[in-house]
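Undergrad: Okay, so here is target_10.pdb, and as you'll see once you scroll down, it has PDB, C-alpha atoms.
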```pdb
MODEL        1
ATOM      1  CA  MET A   1      26.511   8.067   9.291
ATOM      2  CA  LYS A   2      26.045   4.756   7.540
ATOM      3  CA  ARG A   3      29.100   2.598   7.079
ATOM      4  CA  ASP A   4      29.662   1.205   3.597
ATOM      5  CA  ASN A   5      29.360  -2.389   4.787
ATOM      6  CA  GLU A   6      25.860  -1.641   6.098
ATOM      7  CA  ARG A   7      24.612  -0.520   2.700
ATOM      8  CA  PRO A   8      23.054  -3.060   0.386
ATOM      9  CA  LEU A   9      25.470  -3.755  -2.443
ATOM     10  CA  LEU A  10      23.963  -2.750  -5.778
ATOM     11  CA  ASP A  11      25.574  -2.681  -9.180
ATOM     12  CA  GLN A  12      25.436   0.511 -11.203
ATOM     13  CA  GLU A  13      22.306  -0.470 -13.094
ATOM     14  CA  ASP A  14      20.385  -1.436  -9.959
ATOM     15  CA  ARG A  15      21.578   1.726  -8.193
ATOM     16  CA  GLY A  16      20.310   3.846 -11.104
ATOM     17  CA  PHE A  17      16.946   2.066 -10.986
ATOM     18  CA  VAL A  18      16.570   2.524  -7.213
ATOM     19  CA  ASP A  19      17.632   6.185  -7.408
ATOM     20  CA  HIS A  20      15.028   6.733 -10.126
ATOM     21  CA  LEU A  21      12.295   5.266  -7.905
ATOM     22  CA  VAL A  22      13.427   7.322  -4.921
ATOM     23  CA  ALA A  23      13.417  10.516  -6.989
ATOM     24  CA  HIS A  24       9.897   9.951  -8.313
ATOM     25  CA  TYR A  25       8.183   8.381  -5.345
ATOM     26  CA  ALA A  26       8.426  10.982  -2.629
ATOM     27  CA  PRO A  27       5.759  12.661  -0.504
ATOM     28  CA  PRO A  28       5.115  16.372  -0.912
ATOM     29  CA  PRO A  29       7.710  18.322   1.086
ATOM     30  CA  SER A  30       6.808  19.098   4.663
ATOM     31  CA  THR A  31       6.428  22.732   5.630
ATOM     32  CA  SER A  32       6.523  24.540   8.937
ATOM     33  CA  ALA A  33       2.748  25.037   8.783
ATOM     34  CA  LYS A  34       2.191  21.331   8.141
ATOM     35  CA  ARG A  35       4.379  20.418  11.093
ATOM     36  CA  VAL A  36       2.486  22.738  13.410
ATOM     37  CA  ALA A  37      -0.859  21.363  12.165
ATOM     38  CA  PHE A  38       0.435  17.828  12.685
ATOM     39  CA  ASP A  39       1.498  18.593  16.257
ATOM     40  CA  GLU A  40      -1.821  20.249  17.064
ATOM     41  CA  ALA A  41      -3.791  17.300  15.697
ATOM     42  CA  LEU A  42      -1.542  14.912  17.617
ATOM     43  CA  ARG A  43      -2.041  16.825  20.848
ATOM     44  CA  ALA A  44      -5.819  16.722  20.316
ATOM     45  CA  ARG A  45      -5.668  12.950  19.837
ATOM     46  CA  ILE A  46      -3.603  12.457  22.955
ATOM     47  CA  GLU A  47      -5.934  14.594  25.024
ATOM     48  CA  ARG A  48      -9.035  12.873  23.669
ATOM     49  CA  PRO A  49     -10.369  10.431  26.285
ATOM     50  CA  ARG A  50      -9.700   6.814  25.425
ATOM     51  CA  ARG A  51     -12.781   5.062  24.074
ATOM     52  CA  ARG A  52     -12.090   1.864  25.899
ATOM     53  CA  GLY A  53     -13.943   2.825  29.090
ATOM     54  CA  VAL A  54     -17.020   3.973  27.206
ATOM     55  CA  LEU A  55     -17.242   1.308  24.531
ATOM     56  CA  ALA A  56     -15.916  -1.763  26.298
ATOM     57  CA  PRO A  57     -19.175  -2.737  28.092
ATOM     58  CA  ALA A  58     -21.237  -2.294  24.929
ATOM     59  CA  LEU A  59     -18.707  -4.178  22.805
ATOM     60  CA  ALA A  60     -18.444  -6.948  25.368
ATOM     61  CA  ALA A  61     -22.248  -7.330  25.393
ATOM     62  CA  ALA A  62     -22.346  -7.360  21.590
ATOM     63  CA  ALA A  63     -19.552  -9.939  21.439
ATOM     64  CA  ALA A  64     -21.296 -12.123  24.010
ATOM     65  CA  ALA A  65     -24.538 -11.925  22.025
ATOM     66  CA  ALA A  66     -22.675 -12.861  18.848
ATOM     67  CA  LEU A  67     -21.073 -15.808  20.603
ATOM     68  CA  VAL A  68     -24.434 -17.047  21.880
ATOM     69  CA  TRP A  69     -25.933 -16.621  18.414
ATOM     70  CA  ALA A  70     -23.055 -18.501  16.808
ATOM     71  CA  THR A  71     -23.233 -21.310  19.376
ATOM     72  CA  PHE A  72     -26.933 -21.933  18.882
ATOM     73  CA  SER A  73     -27.386 -21.193  15.201
ATOM     74  CA  LEU A  74     -24.353 -22.740  13.475
ATOM     75  CA  PRO A  75     -24.849 -26.455  14.259
ATOM     76  CA  GLY A  76     -28.403 -26.293  12.845
ATOM     77  CA  GLY A  77     -26.964 -25.070   9.606
ATOM     78  CA  SER A  78     -29.739 -23.148   7.868
ATOM     79  CA  ASN A  79     -28.915 -21.801   4.424
ATOM     80  CA  GLU A  80     -28.730 -18.289   5.794
ATOM     81  CA  SER A  81     -26.177 -19.118   8.465
ATOM     82  CA  ASN A  82     -24.089 -21.057   5.967
ATOM     83  CA  SER A  83     -23.895 -18.039   3.714
ATOM     84  CA  VAL A  84     -22.705 -15.915   6.628
ATOM     85  CA  VAL A  85     -20.018 -18.449   7.475
ATOM     86  CA  THR A  86     -18.939 -18.535   3.846
ATOM     87  CA  SER A  87     -18.690 -14.785   3.631
ATOM     88  CA  VAL A  88     -16.647 -14.569   6.836
ATOM     89  CA  TRP A  89     -14.363 -17.287   5.516
ATOM     90  CA  GLU A  90     -14.006 -15.442   2.230
ATOM     91  CA  GLU A  91     -13.273 -12.227   4.088
ATOM     92  CA  GLU A  92     -10.493 -13.845   6.097
ATOM     93  CA  LEU A  93      -9.047 -15.421   3.004
ATOM     94  CA  PHE A  94      -9.142 -12.063   1.294
ATOM     95  CA  LEU A  95      -7.576 -10.310   4.271
ATOM     96  CA  SER A  96      -4.706 -12.740   4.353
ATOM     97  CA  SER A  97      -4.007 -12.525   0.636
ATOM     98  CA  ASP A  98      -1.215  -9.982   0.937
ATOM     99  CA  VAL A  99       0.452 -11.611   3.922
ATOM    100  CA  SER A 100       3.214 -14.098   3.245
ATOM    101  CA  PRO A 101       3.833 -17.122   5.468
ATOM    102  CA  LEU A 102       6.773 -15.214   6.906
ATOM    103  CA  ASP A 103       4.371 -12.684   8.347
ATOM    104  CA  ASP A 104       3.015 -14.870  11.124
ATOM    105  CA  ARG A 105       3.759 -12.928  14.241
ATOM    106  CA  ASP A 106       2.011 -11.497  17.228
ATOM    107  CA  ASP A 107       0.649  -8.102  16.272
ATOM    108  CA  SER A 108      -1.486  -7.780  19.376
ATOM    109  CA  GLU A 109       0.472  -4.756  20.542
ATOM    110  CA  VAL A 110      -1.006  -2.748  17.702
ATOM    111  CA  LEU A 111      -4.584  -3.980  17.934
ATOM    112  CA  PRO A 112      -7.178  -1.323  18.716
ATOM    113  CA  ASP A 113      -8.274  -0.979  22.326
ATOM    114  CA  ASP A 114     -11.727  -2.300  21.459
ATOM    115  CA  TYR A 115     -10.315  -5.583  20.156
ATOM    116  CA  LEU A 116      -8.123  -5.921  23.215
ATOM    117  CA  ALA A 117     -11.146  -5.400  25.471
ATOM    118  CA  ILE A 118     -13.025  -8.209  23.729
ATOM    119  CA  ALA A 119      -9.951 -10.461  23.692
ATOM    120  CA  SER A 120      -9.338  -9.922  27.391
ATOM    121  CA  LEU A 121     -12.990 -10.763  28.134
ATOM    122  CA  PHE A 122     -12.870 -14.119  26.343
ATOM    123  CA  LEU A 123      -9.240 -15.145  26.596
ATOM    124  CA  ASP A 124      -8.215 -13.837  30.007
ATOM    125  CA  GLY A 125     -11.458 -14.070  31.878
TER
ATOM    126  CA  MET B   1      17.805  24.542   8.920
ATOM    127  CA  ASN B   2      16.402  27.387  11.048
ATOM    128  CA  ARG B   3      12.919  26.578   9.812
ATOM    129  CA  GLU B   4      13.347  22.999  11.007
ATOM    130  CA  LYS B   5      14.636  24.203  14.364
ATOM    131  CA  ASP B   6      11.655  26.566  14.732
ATOM    132  CA  ALA B   7       9.288  23.747  13.881
ATOM    133  CA  MET B   8      10.967  21.575  16.497
ATOM    134  CA  VAL B   9      10.532  24.276  19.155
ATOM    135  CA  ASP B  10       6.905  24.764  18.089
ATOM    136  CA  GLY B  11       6.319  21.040  18.334
ATOM    137  CA  VAL B  12       7.768  20.784  21.814
ATOM    138  CA  ALA B  13       5.832  23.842  22.994
ATOM    139  CA  ALA B  14       2.562  22.557  21.570
ATOM    140  CA  LEU B  15       2.930  19.183  23.204
ATOM    141  CA  GLN B  16       4.092  20.582  26.540
ATOM    142  CA  SER B  17       0.767  22.280  27.137
ATOM    143  CA  SER B  18      -1.140  19.097  28.023
ATOM    144  CA  ALA B  19      -1.678  17.803  31.532
ATOM    145  CA  ALA B  20       1.039  15.117  31.902
ATOM    146  CA  PRO B  21       4.327  15.808  33.750
ATOM    147  CA  VAL B  22       6.594  18.255  31.977
ATOM    148  CA  ASP B  23       9.586  15.909  31.616
ATOM    149  CA  VAL B  24       7.465  13.287  29.877
ATOM    150  CA  GLU B  25       5.950  15.958  27.637
ATOM    151  CA  ALA B  26       9.332  17.439  26.829
ATOM    152  CA  ARG B  27      10.759  14.031  26.022
ATOM    153  CA  PHE B  28       7.800  13.177  23.845
ATOM    154  CA  GLY B  29       7.859  16.587  22.162
ATOM    155  CA  ALA B  30      11.504  16.120  21.282
ATOM    156  CA  PHE B  31      10.793  12.611  20.033
ATOM    157  CA  VAL B  32       7.983  13.845  17.780
ATOM    158  CA  ALA B  33      10.112  16.685  16.472
ATOM    159  CA  SER B  34      12.927  14.263  15.645
ATOM    160  CA  HIS B  35      10.793  11.652  13.901
ATOM    161  CA  ARG B  36       7.751  13.508  12.561
ATOM    162  CA  ASP B  37       8.938  14.014   8.995
ATOM    163  CA  LYS B  38      10.494  10.576   8.676
ATOM    164  CA  ALA B  39       7.377   8.930  10.102
ATOM    165  CA  ARG B  40       5.106  10.754   7.650
ATOM    166  CA  SER B  41       7.375   9.958   4.749
ATOM    167  CA  LEU B  42       7.646   6.275   5.673
ATOM    168  CA  ALA B  43       3.886   5.967   6.174
ATOM    169  CA  TRP B  44       3.248   7.757   2.879
ATOM    170  CA  ARG B  45       5.447   5.322   0.972
ATOM    171  CA  LEU B  46       4.148   2.210   2.705
ATOM    172  CA  ILE B  47       0.523   3.219   2.207
ATOM    173  CA  GLY B  48       0.977   4.169  -1.415
ATOM    174  CA  GLY B  49       0.991   7.919  -1.746
ATOM    175  CA  ASP B  50      -1.991   9.094   0.299
ATOM    176  CA  GLU B  51      -0.937  12.123   2.322
ATOM    177  CA  ASP B  52      -3.947  12.302   4.653
ATOM    178  CA  ALA B  53      -3.859   8.606   5.425
ATOM    179  CA  ALA B  54      -0.106   8.759   6.027
ATOM    180  CA  GLU B  55      -0.610  11.560   8.535
ATOM    181  CA  ASP B  56      -3.328   9.545  10.236
ATOM    182  CA  VAL B  57      -1.149   6.449  10.484
ATOM    183  CA  ALA B  58       1.841   8.429  11.769
ATOM    184  CA  GLN B  59      -0.323  10.055  14.434
ATOM    185  CA  ASP B  60      -1.717   6.704  15.549
ATOM    186  CA  ALA B  61       1.824   5.459  16.002
ATOM    187  CA  PHE B  62       2.837   8.588  17.926
ATOM    188  CA  VAL B  63      -0.189   8.267  20.239
ATOM    189  CA  LYS B  64       0.846   4.682  21.002
ATOM    190  CA  ALA B  65       4.401   5.868  21.603
ATOM    191  CA  TYR B  66       3.137   8.529  24.007
ATOM    192  CA  ARG B  67       1.180   5.965  26.008
ATOM    193  CA  ALA B  68       4.136   3.593  26.077
ATOM    194  CA  LEU B  69       6.727   6.242  26.856
ATOM    195  CA  SER B  70       7.210   5.212  30.483
ATOM    196  CA  ARG B  71       8.119   1.665  29.379
ATOM    197  CA  PHE B  72      11.218   2.902  27.575
ATOM    198  CA  ARG B  73      14.114   4.436  29.446
ATOM    199  CA  GLU B  74      16.191   5.013  26.347
ATOM    200  CA  ASP B  75      14.999   6.847  23.290
ATOM    201  CA  SER B  76      16.833   4.377  21.045
ATOM    202  CA  SER B  77      14.622   1.506  22.215
ATOM    203  CA  LEU B  78      11.551   3.735  21.982
ATOM    204  CA  GLU B  79      12.560   4.595  18.425
ATOM    205  CA  THR B  80      12.975   0.951  17.435
ATOM    206  CA  TRP B  81       9.576   0.101  18.935
ATOM    207  CA  PHE B  82       7.958   3.173  17.368
ATOM    208  CA  TYR B  83       8.982   2.287  13.822
ATOM    209  CA  ARG B  84       7.772  -1.273  14.287
ATOM    210  CA  ILE B  85       4.408   0.096  15.409
ATOM    211  CA  LEU B  86       4.339   2.532  12.506
ATOM    212  CA  VAL B  87       5.018  -0.218   9.962
ATOM    213  CA  ASN B  88       2.270  -2.362  11.518
ATOM    214  CA  GLU B  89      -0.162   0.570  11.526
ATOM    215  CA  ALA B  90       0.561   1.180   7.846
ATOM    216  CA  HIS B  91      -0.074  -2.490   7.130
ATOM    217  CA  ARG B  92      -3.339  -2.384   9.061
ATOM    218  CA  HIS B  93      -4.391   0.641   7.039
ATOM    219  CA  ARG B  94      -3.602  -1.160   3.776
ATOM    220  CA  ARG B  95      -5.772  -4.105   4.812
ATOM    221  CA  TRP B  96      -8.739  -1.945   5.716
ATOM    222  CA  ARG B  97      -8.317   0.020   2.505
ATOM    223  CA  ALA B  98      -8.301  -3.248   0.573
ATOM    224  CA  ILE B  99     -11.682  -4.082   2.103
ATOM    225  CA  ARG B 100     -13.068  -0.663   1.264
ATOM    226  CA  LYS B 101     -11.686  -0.935  -2.255
ATOM    227  CA  ARG B 102     -13.367  -4.275  -2.672
ATOM    228  CA  TRP B 103     -16.789  -2.844  -1.887
ATOM    229  CA  SER B 104     -16.476   0.550  -3.474
ATOM    230  CA  ALA B 105     -14.755   2.360  -6.301
ATOM    231  CA  VAL B 106     -14.303   5.474  -4.187
ATOM    232  CA  TRP B 107     -10.714   4.675  -3.303
ATOM    233  CA  ASP B 108      -9.553   4.900  -6.901
ATOM    234  CA  GLU B 109     -11.075   8.351  -7.237
ATOM    235  CA  GLU B 110      -9.479   9.484  -3.966
ATOM    236  CA  GLN B 111      -6.087   8.225  -5.078
ATOM    237  CA  ALA B 112      -6.335   9.972  -8.411
ATOM    238  CA  ALA B 113      -7.255  13.217  -6.684
ATOM    239  CA  SER B 114      -4.504  13.003  -4.088
ATOM    240  CA  SER B 115      -1.913  12.430  -6.799
ATOM    241  CA  SER B 116      -2.470  15.872  -8.273
ATOM    242  CA  GLY B 117       0.354  18.335  -7.766
ATOM    243  CA  VAL B 118       3.177  15.788  -7.814
ATOM    244  CA  ARG B 119       5.922  15.863 -10.427
ATOM    245  CA  ASP B 120       4.756  12.876 -12.421
ATOM    246  CA  PRO B 121       1.486  11.460 -11.065
ATOM    247  CA  ALA B 122       1.382   8.612 -13.584
ATOM    248  CA  LEU B 123       4.882   7.410 -12.716
ATOM    249  CA  GLN B 124       4.189   7.805  -9.011
ATOM    250  CA  ARG B 125       1.077   5.699  -9.373
ATOM    251  CA  ARG B 126       2.943   3.017 -11.290
ATOM    252  CA  ILE B 127       5.610   2.812  -8.593
ATOM    253  CA  SER B 128       2.901   2.656  -5.946
ATOM    254  CA  GLU B 129       1.163  -0.182  -7.791
ATOM    255  CA  ALA B 130       4.428  -2.056  -8.295
ATOM    256  CA  LEU B 131       5.197  -1.777  -4.575
ATOM    257  CA  ALA B 132       1.693  -2.994  -3.800
ATOM    258  CA  LYS B 133       2.376  -6.194  -5.734
ATOM    259  CA  LEU B 134       5.287  -7.102  -3.469
ATOM    260  CA  THR B 135       4.686  -9.187  -0.366
ATOM    261  CA  ARG B 136       4.202  -7.226   2.816
ATOM    262  CA  ARG B 137       7.744  -7.843   4.081
ATOM    263  CA  GLN B 138       9.395  -7.210   0.726
ATOM    264  CA  ARG B 139       7.623  -3.868   0.483
ATOM    265  CA  GLU B 140       8.453  -2.842   4.053
ATOM    266  CA  VAL B 141      12.094  -3.824   3.764
ATOM    267  CA  PHE B 142      12.536  -2.111   0.395
ATOM    268  CA  VAL B 143      10.930   1.124   1.581
ATOM    269  CA  LEU B 144      12.832   1.196   4.876
ATOM    270  CA  VAL B 145      16.224   0.557   3.283
ATOM    271  CA  HIS B 146      16.105   2.184  -0.133
ATOM    272  CA  PHE B 147      13.626   5.008   0.388
ATOM    273  CA  GLU B 148      14.139   5.884   4.043
ATOM    274  CA  GLY B 149      17.841   5.121   4.315
ATOM    275  CA  PHE B 150      17.791   2.677   7.223
ATOM    276  CA  THR B 151      20.660   0.197   7.246
ATOM    277  CA  VAL B 152      19.989  -3.516   6.897
ATOM    278  CA  ARG B 153      20.760  -3.936  10.597
ATOM    279  CA  GLU B 154      18.433  -1.086  11.627
ATOM    280  CA  THR B 155      15.685  -2.494   9.434
ATOM    281  CA  ALA B 156      16.150  -5.975  10.870
ATOM    282  CA  THR B 157      15.870  -4.596  14.406
ATOM    283  CA  ARG B 158      12.804  -2.530  13.599
ATOM    284  CA  LEU B 159      10.972  -5.387  11.922
ATOM    285  CA  GLY B 160      12.158  -8.024  14.386
ATOM    286  CA  LYS B 161      13.693 -10.144  11.606
ATOM    287  CA  PRO B 162      17.198 -11.572  11.090
ATOM    288  CA  GLU B 163      19.516  -9.538   8.853
ATOM    289  CA  GLY B 164      19.732 -12.437   6.391
ATOM    290  CA  THR B 165      15.951 -12.397   5.998
ATOM    291  CA  VAL B 166      16.013  -8.656   5.359
ATOM    292  CA  LYS B 167      18.690  -9.081   2.691
ATOM    293  CA  SER B 168      16.700 -11.856   1.069
ATOM    294  CA  HIS B 169      13.529  -9.739   0.988
ATOM    295  CA  LEU B 170      15.532  -6.818  -0.425
ATOM    296  CA  HIS B 171      16.949  -8.934  -3.228
ATOM    297  CA  ARG B 172      13.564 -10.385  -4.165
ATOM    298  CA  ALA B 173      11.845  -7.003  -3.955
ATOM    299  CA  LEU B 174      14.370  -5.376  -6.262
ATOM    300  CA  LYS B 175      14.110  -8.228  -8.742
ATOM    301  CA  ALA B 176      10.311  -8.061  -8.732
ATOM    302  CA  LEU B 177      10.266  -4.281  -9.128
ATOM    303  CA  ARG B 178      12.753  -4.385 -11.999
ATOM    304  CA  THR B 179      10.540  -6.898 -13.765
ATOM    305  CA  GLU B 180       7.349  -4.971 -13.052
ATOM    306  CA  LEU B 181       8.857  -1.638 -14.086
ATOM    307  CA  ALA B 182      11.137  -2.933 -16.836
ATOM    308  CA  ASP B 183       9.872  -0.348 -19.306
ATOM    309  CA  LEU B 184      11.271   2.445 -17.109
ATOM    310  CA  GLN B 185      14.816   1.439 -18.001
ATOM    311  CA  ASP B 186      14.854   3.578 -21.151
ATOM    312  CA  SER B 187      13.849   6.738 -19.336
ATOM    313  CA  ILE B 188      16.382   5.989 -16.576
ATOM    314  CA  GLU B 189      19.177   5.650 -19.126
ATOM    315  CA  ARG B 190      18.097   8.875 -20.832
ATOM    316  CA  SER B 191      18.098  10.754 -17.522
ATOM    317  CA  GLN B 192      21.609   9.620 -16.607
ATOM    318  CA  PRO B 193      24.544  11.838 -17.655
TER
ENDMDL
END
```
Turn the structure described in the file into structure tokens.

TA:
Amino acid sequence: MKRDNERPLLDQEDRGFVDHLVAHYAPPPSTSAKRVAFDEALRARIERPRRRGVLAPALAAAAAAALVWATFSLPGGSNESNSVVTSVWEEELFLSSDVSPLDDRDDSEVLPDDYLAIASLFLDG
Amino acid sequence: MNREKDAMVDGVAALQSSAAPVDVEARFGAFVASHRDKARSLAWRLIGGDEDAAEDVAQDAFVKAYRALSRFREDSSLETWFYRILVNEAHRHRRWRAIRKRWSAVWDEEQAASSSGVRDPALQRRISEALAKLTRRQREVFVLVHFEGFTVRETATRLGKPEGTVKSHLHRALKALRTELADLQDSIERSQP
């Protein structure tokens, strides 16, 4: 049970507005069948072998090749490589567009296993 | 109520059949049964009304919780960690969807299709778009507190932010949404007794 002092204080107008949003922005109701299907799909995911062991060597090799390519091709600066750099830069700028400065935090705990495998190869090794 | 209890028993039974020790499975099964609906609902609202994607995100978070289960002795700390993971997973999904949306118009068609069957698809879409215009933290805080009913303190713990920061995000989010959805005020006043 929430105590009153833990609730955000809203005046009547704001409360009406929020209640209106809550009433009209709700997912379809869950059913027993949906719950069972969810649990079955979850069990299948848990039992699925982790990809890390299979993909890590291939990803590590690909990352190493990319690193070698970047090391030798970027300083030369052909037009083609410049356009790749620009597009990567644009991509990162685009990716960060909905993240405020307050969002800088370590999200490594939620990175996919494949990323962690590559990170551990270059950062830990 | 009985239906929910049956679903909980089904969930525990389904998850107990895998190979890990029974106590871990039972604990995880109970955890899933307790948080399944809330996790789906939270993911749905953070993602912007896509049921399949919300289910996917919730399952990703549960799989991570399963693998991290042994690190948490108390379910309360597991719960706090789980919701932080879920919020981050939802954010990751939004970013990847933004990339897909940039390169293809498919997303818009998918969204339109998945909105069918709701009470007012146009209003739902407008709310979704208004939420999407908030900053990441404003959106997360607003959804956790006002839609999912977490307290300010619970939200602060789950997002790893001070309570004052949560309150500030809440205030700004509400102000931004009221501006963005100002034209809804008439229909709100009409619907009130």

Undergrad: Write out as number ranges by chain each polymer residue whose atoms come within 8 Å of range 28-30 of chain A, counting all atoms listed in the file; drop sequence neighbours fewer than 2 positions from it.

TA: A: 26, 32, 34-35; B: 37, 118

Undergrad: Using only C-alpha atoms, which of the listed residues (A:Pro27, A:Gly16, A:Trp69, A:Leu9) sits closest to Glu148 in chain B?

TA: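 Smallest separation from Glu148 in chain B among the options: A:Pro27.
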
Undergrad: Using all atoms listed in the file, which residue out of B:Ile127, B:Val141, B:Ala53, B:Ala30 lies closest to chain A?

TA: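 The shortest atom-to-atom distance to chain A comes from B:Ile127.
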
Undergrad: Could you write out as number ranges by chain the residues that the PyMOL selection byres ((chain B and resi 84) around 12) matches in the shown file?

TA: A: 107, 109-110; B: 39, 42-43, 58, 61-62, 64-65, 77-83, 85-91, 140-141, 144, 154-161

Undergrad: If we count only C-alpha atoms and set the cut-off at 12 Å, which residues sit around Leu134 in chain B, ignoring sequence neighbours fewer than 6 positions away in its own chain? Please answer as an mmCIF file with C-alpha atoms, in the coordinates of the input.

TA:
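The resulting file, part_21.cif, is reproduced below:
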```
data_model
loop_
_atom_site.group_PDB
_atom_site.id
_atom_site.type_symbol
_atom_site.label_atom_id
_atom_site.label_comp_id
_atom_site.auth_asym_id
_atom_site.auth_seq_id
_atom_site.Cartn_x
_atom_site.Cartn_y
_atom_site.Cartn_z
ATOM 1 C CA SER A 97 -4.007 -12.525 0.636
ATOM 2 C CA ASP A 98 -1.215 -9.982 0.937
ATOM 3 C CA VAL A 99 0.452 -11.611 3.922
ATOM 4 C CA SER A 100 3.214 -14.098 3.245
ATOM 5 C CA LEU B 46 4.148 2.210 2.705
ATOM 6 C CA ILE B 127 5.610 2.812 -8.593
ATOM 7 C CA SER B 128 2.901 2.656 -5.946
ATOM 8 C CA GLU B 140 8.453 -2.842 4.053
ATOM 9 C CA VAL B 141 12.094 -3.824 3.764
ATOM 10 C CA PHE B 142 12.536 -2.111 0.395
ATOM 11 C CA VAL B 143 10.930 1.124 1.581
ATOM 12 C CA HIS B 169 13.529 -9.739 0.988
ATOM 13 C CA LEU B 170 15.532 -6.818 -0.425
ATOM 14 C CA HIS B 171 16.949 -8.934 -3.228
ATOM 15 C CA ARG B 172 13.564 -10.385 -4.165
ATOM 16 C CA ALA B 173 11.845 -7.003 -3.955
ATOM 17 C CA LEU B 174 14.370 -5.376 -6.262
ATOM 18 C CA LYS B 175 14.110 -8.228 -8.742
ATOM 19 C CA ALA B 176 10.311 -8.061 -8.732
ATOM 20 C CA LEU B 177 10.266 -4.281 -9.128
ATOM 21 C CA ARG B 178 12.753 -4.385 -11.999
ATOM 22 C CA THR B 179 10.540 -6.898 -13.765
ATOM 23 C CA GLU B 180 7.349 -4.971 -13.052
#
```

Undergrad: In Å, with one decimal, what is the gap from CA of Asp11 in chain A to CA of Leu131 in chain B?

TA: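 CA of Leu131 in chain B lies 20.9 Å from CA of Asp11 in chain A.
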
Undergrad: If I take CA of Asp75 in chain B and CA of Phe31 in chain B, how far is one from the other in Å, to one decimal?

TA: 7.8 Å

Undergrad: Could you please determine the separation between CA of Ile47 in chain B and CA of Arg94 in chain B in Å, to one decimal place?

TA: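 Answer for the CA of Ile47 in chain B to CA of Arg94 in chain B separation: 6.2 Å.
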
Undergrad: Give as a list of chain:residue names each residue that has an atom at most 10 Å from (8.8, 7.7, -8.5) in the file, counting only C-alpha atoms.

TA: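 Within the cut-off we find A:Val18, A:Asp19, A:His20, A:Leu21, A:Val22, A:Ala23, A:His24, A:Tyr25, A:Ala26, A:Pro27, B:Val118, B:Arg119, B:Asp120, B:Pro121, B:Ala122, B:Leu123, B:Gln124, B:Arg125, B:Arg126, B:Ile127, B:Ser128.
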
Undergrad: With the PyMOL selection byres ((chain A and resi 42) around 12) as the selection, what would be picked from this file? Answer as a count of residues only, please.

TA: 36

Undergrad: Can you work out which one of B:Arg45, B:Arg27, B:Arg139, B:His35 has the shortest atom-to-atom distance to chain A, counting only C-alpha atoms?

TA: B:Arg45

Undergrad: Go through B:Val24, B:Val152, B:Ala54, B:Lys38 and flag the residue nearest Arg71 in chain B, using all atoms listed in the file for the distances.

TA: B:Val24

Undergrad: Point out the residue among B:Gln185, B:Ser41, B:Ser70, B:Ser34 with the least atom-to-atom distance to Phe147 in chain B, counting only C-alpha atoms.

TA: B:Ser41
